[in-house]
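In what follows, a single structure is set out as structure tokens and then discussed.
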Amino acid sequence: MLNLILFGPPGAGKGTQSEQLIYAYNLKHISTGDLLRAERKAGTELGIKANEYIAKGELVPDEVVVGMVRNFMKEHSSSKGFIFDGFPRTTPQAEALDNLLSEFGAKIDIVLGLEVIEDELVKRLLLRGETSGRADDQSEETIRNRFKEYQTKTLPLMDYYTKKNSYVGVNGMGEIDHIQSSLREEINKVL
Ligand code: ADP
């Protein structure tokens, strides 16, 4: 199996880059943001509850997202590997993911951190908000709150994975294709 995490702040380009990587390496894409939005669209209790957090730019409770990821992985257990996008976002989520993968006899092979400066991120998110219909991309206040959550709860994971020797930072500014090449270069080193 090949399991990788695309790491980085909201708007860093994790979804965009994942789309190309899943084809190149025949992996399954797990985006907890997409899964939560699908739950909301389907009108499930989980989706409605989660949306209260999402609308404020807060993180959804760990047990909710971990349960979703667990189900998804079980449903796709024959996959050659996974790209985790927007997950894990907290230390308990990272620990839960390590445990889940060990059930598959697997581990995280590489964590690719997309590095983008904050001014560029706000610009990208507000632009995405014009077309995506995502309410959490349309309010600068919600966007700022997401960054705050990222700084306090998610950024410590950089250290978590650096200690495991799996974190690699990649410049996330510039042409999409160029960033894709940089990511593949790093993935190919661990294949
Ligand atoms: P972005 O990376 O642009 O912030 P996502 O689609 O990954 O967008 O996430 C949207 C929202 O969904 C987050 O702001 C958060 O409220 C919730 N969310 C997504 N993934 C997680 C997670 N792993 N843990 C907690 N909340 C999450």
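Chain identifiers are assigned as A, B, and so on, following the order in which chains appear in the structure tokens; residues are numbered from 1 within each chain, and ligands are numbered from 1 in order of appearance.
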Those of chain A in DSSP helix (DSSP H, G or I), formatted as a VMD selection string = chain A and resid 14 to 25 32 to 41 45 to 56 62 to 75 91 to 103 118 to 132 135 to 137 140 to 154 156 to 163 176 to 190
Write out as a ChimeraX atom specification each polymer residue whose atoms come within 9 Å of segment 13-15 of chain A, counting only C-alpha atoms; drop sequence neighbours fewer than 4 positions from it.
-> /A:6-9,19,31,85-86,114,172,176
Now that the selection is made, can you save its residues with N, CA, C and O atoms as a PDB file, in the first residue's frame?
```
ATOM      1  N   LEU A   6      -1.927  14.764   2.311  1.00  0.00           N
ATOM      2  CA  LEU A   6      -1.664  16.101   1.779  1.00  0.00           C
ATOM      3  C   LEU A   6      -2.010  17.059   2.899  1.00  0.00           C
ATOM      4  O   LEU A   6      -3.153  17.125   3.351  1.00  0.00           O
ATOM      5  N   PHE A   7      -1.007  17.755   3.353  1.00  0.00           N
ATOM      6  CA  PHE A   7      -1.122  18.601   4.532  1.00  0.00           C
ATOM      7  C   PHE A   7      -1.037  20.062   4.101  1.00  0.00           C
ATOM      8  O   PHE A   7      -0.398  20.387   3.104  1.00  0.00           O
ATOM      9  N   GLY A   8      -1.692  20.919   4.881  1.00  0.00           N
ATOM     10  CA  GLY A   8      -1.585  22.347   4.587  1.00  0.00           C
ATOM     11  C   GLY A   8      -2.835  23.085   4.996  1.00  0.00           C
ATOM     12  O   GLY A   8      -3.874  22.478   5.227  1.00  0.00           O
ATOM     13  N   PRO A   9      -2.749  24.409   5.067  1.00  0.00           N
ATOM     14  CA  PRO A   9      -3.875  25.225   5.525  1.00  0.00           C
ATOM     15  C   PRO A   9      -5.034  25.222   4.520  1.00  0.00           C
ATOM     16  O   PRO A   9      -4.866  24.792   3.376  1.00  0.00           O
ATOM     17  N   GLU A  19      -6.640  15.344  -6.901  1.00  0.00           N
ATOM     18  CA  GLU A  19      -7.342  14.860  -8.098  1.00  0.00           C
ATOM     19  C   GLU A  19      -6.377  14.252  -9.106  1.00  0.00           C
ATOM     20  O   GLU A  19      -6.666  13.238  -9.724  1.00  0.00           O
ATOM     21  N   SER A  31     -11.325  12.839   1.370  1.00  0.00           N
ATOM     22  CA  SER A  31     -11.395  14.220   1.831  1.00  0.00           C
ATOM     23  C   SER A  31     -12.499  14.292   2.873  1.00  0.00           C
ATOM     24  O   SER A  31     -13.675  14.100   2.554  1.00  0.00           O
ATOM     25  N   ASP A  85      -6.817  13.898   2.643  1.00  0.00           N
ATOM     26  CA  ASP A  85      -6.868  15.331   2.314  1.00  0.00           C
ATOM     27  C   ASP A  85      -7.772  16.014   3.350  1.00  0.00           C
ATOM     28  O   ASP A  85      -8.953  15.718   3.435  1.00  0.00           O
ATOM     29  N   GLY A  86      -7.168  16.869   4.162  1.00  0.00           N
ATOM     30  CA  GLY A  86      -7.958  17.531   5.206  1.00  0.00           C
ATOM     31  C   GLY A  86      -8.133  16.658   6.436  1.00  0.00           C
ATOM     32  O   GLY A  86      -8.954  16.946   7.300  1.00  0.00           O
ATOM     33  N   LEU A 114       1.823  21.398   1.733  1.00  0.00           N
ATOM     34  CA  LEU A 114       1.784  22.467   0.729  1.00  0.00           C
ATOM     35  C   LEU A 114       1.950  23.812   1.439  1.00  0.00           C
ATOM     36  O   LEU A 114       1.126  24.169   2.282  1.00  0.00           O
ATOM     37  N   GLY A 172       3.832  25.503  -2.383  1.00  0.00           N
ATOM     38  CA  GLY A 172       2.486  25.410  -2.960  1.00  0.00           C
ATOM     39  C   GLY A 172       2.063  26.643  -3.722  1.00  0.00           C
ATOM     40  O   GLY A 172       0.886  26.816  -4.046  1.00  0.00           O
ATOM     41  N   ILE A 176      -0.039  25.097 -11.079  1.00  0.00           N
ATOM     42  CA  ILE A 176      -0.568  23.830 -10.562  1.00  0.00           C
ATOM     43  C   ILE A 176       0.281  22.641 -11.039  1.00  0.00           C
ATOM     44  O   ILE A 176       0.623  21.756 -10.248  1.00  0.00           O
TER      45      ILE A 176
END
```
For segment 52-60 of chain A, work out the shell of residues within 12 Å, counting only C-alpha atoms and skipping chain neighbours fewer than 6 positions away, then give it as JSON, numbers by chain.
-> {"A": [10, 32, 33, 34, 36, 37, 40, 45, 46, 66, 67, 68, 86, 87, 88, 89, 90, 93, 134, 135, 136, 137, 138, 139, 140, 141, 142, 143, 144, 145, 146, 147, 148, 149, 150, 152, 153, 154]}
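The space separating atom CA of Asp98 of chain A from atom CA of Asn3 of chain A comes to 10.9 Å.
When only C-alpha atoms and all ligand atoms are used to measure the gap to ligand 1, the shortest distance among A:Ile179, A:Leu112, A:Leu21, A:Leu126 belongs to A:Leu126.
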Å distance separating atom CA of Lys107 of chain A from atom CA of Leu183 of chain A, one decimal place =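 If I compute the distance from atom CA of Lys107 of chain A to atom CA of Leu183 of chain A, I get 18.8 Å.
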Counting only C-alpha atoms, which of A:Gly47, A:Gly113, A:Gly105, A:Gly174 gets nearest to Leu157 of chain A?
->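 Checking each candidate against Leu157 of chain A, we get A:Gly113 as the closest.
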